[in-house]
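Here is the structure we will look at.
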Amino acid sequence: MSDHQSNRLFRKGRYEEAALSLKKGLEKQGETGRDLLLYLLDLGLAYHAAGQYQLSNQFFLKADQVAEIKDYTSLAKETATILITDRIKDYRAEDFENVLISTYLAMNYALMGNFEDCLVEARRVNHKLFMMVSEGKRQYQQSAFARYFSAMAYEAAGNYEDASIDYQHAWKLRSDIPGIGEMLWKCAYELHDRADMERWDQVFQLNAEHHRHALLANSRSPRGEIVVIYENGISPAKRPNPHLESIPEFYPRFNPVSHARIFLDRSLQGRTFPLENIEFMAIENLKEKYAGLIAKKVGGLVAKVGAGALVGKKTNNLFLGFLVLHLLDRADQADLRSWNLLPKDLQIFRVAVMPGQYVLRISPEGGSSFTEKKIQVYEHKKTFVNVRYMP
């Protein structure tokens with residue numbers, strides 16, 4: 001699917017107008033359109049970027065249902081694509097796209113302060129990944145972003161035992177997450193677990209300054225915490241493979257910004273950290289499918305040669321047989337559809353502050369624009385904020 005008007009509006013930051021344009025396309029799809037799922041995904045993302053999280057979740061929940069249904073393609077359509085092109089099939093989400101539906105649902109729930117449902121979706125992310133591995137579909141690992149996100153949700157609910165477990169899972173997946181040692185030490189502190197406090201001191205070489213920083217927003221402190229979700233850049237585009245044009249390949253798009261600097265009331269607080277590389281996921285996901293795609297194309301070529309030979313024999317016209325083979329081969333084009341408006345990566349920044357109103361400024365390093373938001377921080381509460389940067 002390529003809705004040029006909605007793409008243009010989205011990239012200009014006019015998210016609600018982009019959603020209205022997408023809705024017109026969705027209406028044309030009805031309940032059986034080949035691109036129904038893609039319209040639902042982009043609508044969910046457009047309303048998410050616009051800050052309309054409840055509306056965004058309506059489309060993501062519908063997309064989640066449709067993705068599950070579309071996973072069972074009819075035999076007739078699957079057989080037809082061997083002779084012609086995958087474009088005639090209903091769009092089925094790529095594996096990484098299916099996982100990201102639950103990722104965005106979890107983010108939306110956190111942004112609405114609904115940490116119970118946030119946890120449900122964060123768990124579903126890793127359940128989907130587990131099922132993909134156990135069914136032999138892909139060689140995926142768990143999502144560090146989902147684990148870290150669920151740890152924050154547990155922490156927000158005061159469940160430090162489960163928060164510690166998920167922080168440990170995130171750390172095993174990404175050992176370079178800033179402050180992860182402090183978060184683990186803080187959970188042990190809240191649980192009055194001196195043995196674990198000493199353990200994390202040794203593992204991460206923590207000192208008194210690290211302890212002070214970890215306890216800025218603890219259960220005995222009046223401080224709250226700001227959590228910035230920074231959605232950076234734009235995901236890769238699908239184009240024909242240069243060596244076999246009937247097979248798609250993901251190509252990175254121009255993304256000049258690697259992170260953003262975060263200011264509160266003009267005071268620099270730090271920089272965001274990439275925790276989920278969607279660009280890498282997309283490229284690797286498709287590479288893992290190449291063997292199956294090539295096998296299908298080889299089978300298709302054999303079928304086309306057979307169809308051409310049959311026509312030539314039935315009509316006693318060798319040229320007509322060659323013409324049928326040529327036309328079938330020309331019709332076999334790569335399916336270049338994808339969830340087009342995803343970011344390149346998902347980044348996180350956290351800072352503990354006293355309750356009150358702040359002006360949050362997100363400045364992309366290497367970008368020419370910045371975003372400012374007025375936010376209210378409450379005692380003992382996490383305030384989630386999301387920002388999308390587009391090059």
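In the structure tokens, the first chain shown is A, the next is B, and so on; residue numbers restart at 1 for each chain, and ligands run from 1 in the order shown.
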Next on the checklist: Neighbouring residues of stretch 60-66 of chain A were defined as those with any atom within 7 Å, considering only C-alpha atoms; residues of the same chain fewer than 3 positions away were excluded. Please report them as a VMD selection string.
Outcome noted: chain A and resid 37 40 to 41 44 56 to 57 69 to 70 101 105
Next on the checklist: Applying 10 Å and only C-alpha atoms, which residues near A:Asn241 remain after dropping the ones on its own chain fewer than 5 positions away? List them as a ChimeraX atom specification.
Outcome noted: /A:246-251,334
Item to check | Atom-to-atom span, atom CA of A:Ala214 and atom CA of A:Glu182, Å | outcome: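 Separation between atom CA of A:Ala214 and atom CA of A:Glu182: 5.2 Å.
In this structure, atom CA of A:Ala151 sits 19.6 Å away from atom CA of A:Val353.
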Item to check | Shell around stretch 185-197 of chain A at 12 Å using only C-alpha atoms, local window under 5 positions removed, as a count of residues only | outcome: 37
Next on the checklist: Taking only stretch 13-242 of chain A into account, list the residues labelled alpha helix (DSSP H) by DSSP (computed from the backbone), as a ChimeraX atom specification.
Outcome noted: /A:15-29,36-49,53-70,75-83,95-111,115-134,144-156,160-173,180-190,194-204,208-214
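Counting from atom CA of A:Thr383, the distance to atom CA of A:Val227 is 6.0 Å.
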Item to check | Residue contacts of stretch 18-22 of chain A (10 Å, only C-alpha atoms) excluding same-chain residues fewer than 5 positions away, as a list in words | outcome: Asp3, His4, Gln5, Ser6, Asn7, Arg8, Leu9, Phe10, Arg11, Lys12, Gly13, Glu27, Leu38, Tyr39, Leu40, Asp42, Leu43, Gly44, Leu45, Ala46, Tyr47 and Ala50 of chain A
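Ranking A:Thr103, A:Asn108, A:Ser134, A:Ser143 by their shortest atom-to-atom distance to A:Glu121, with only C-alpha atoms included, puts A:Thr103 first.
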Item to check | Closest of A:Ala237, A:Leu55, A:Leu275, A:Ala153 to A:Ala110 - atom-to-atom distances counting only C-alpha atoms | outcome: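 Answer, going by the shortest atom-to-atom distance: A:Ala153.
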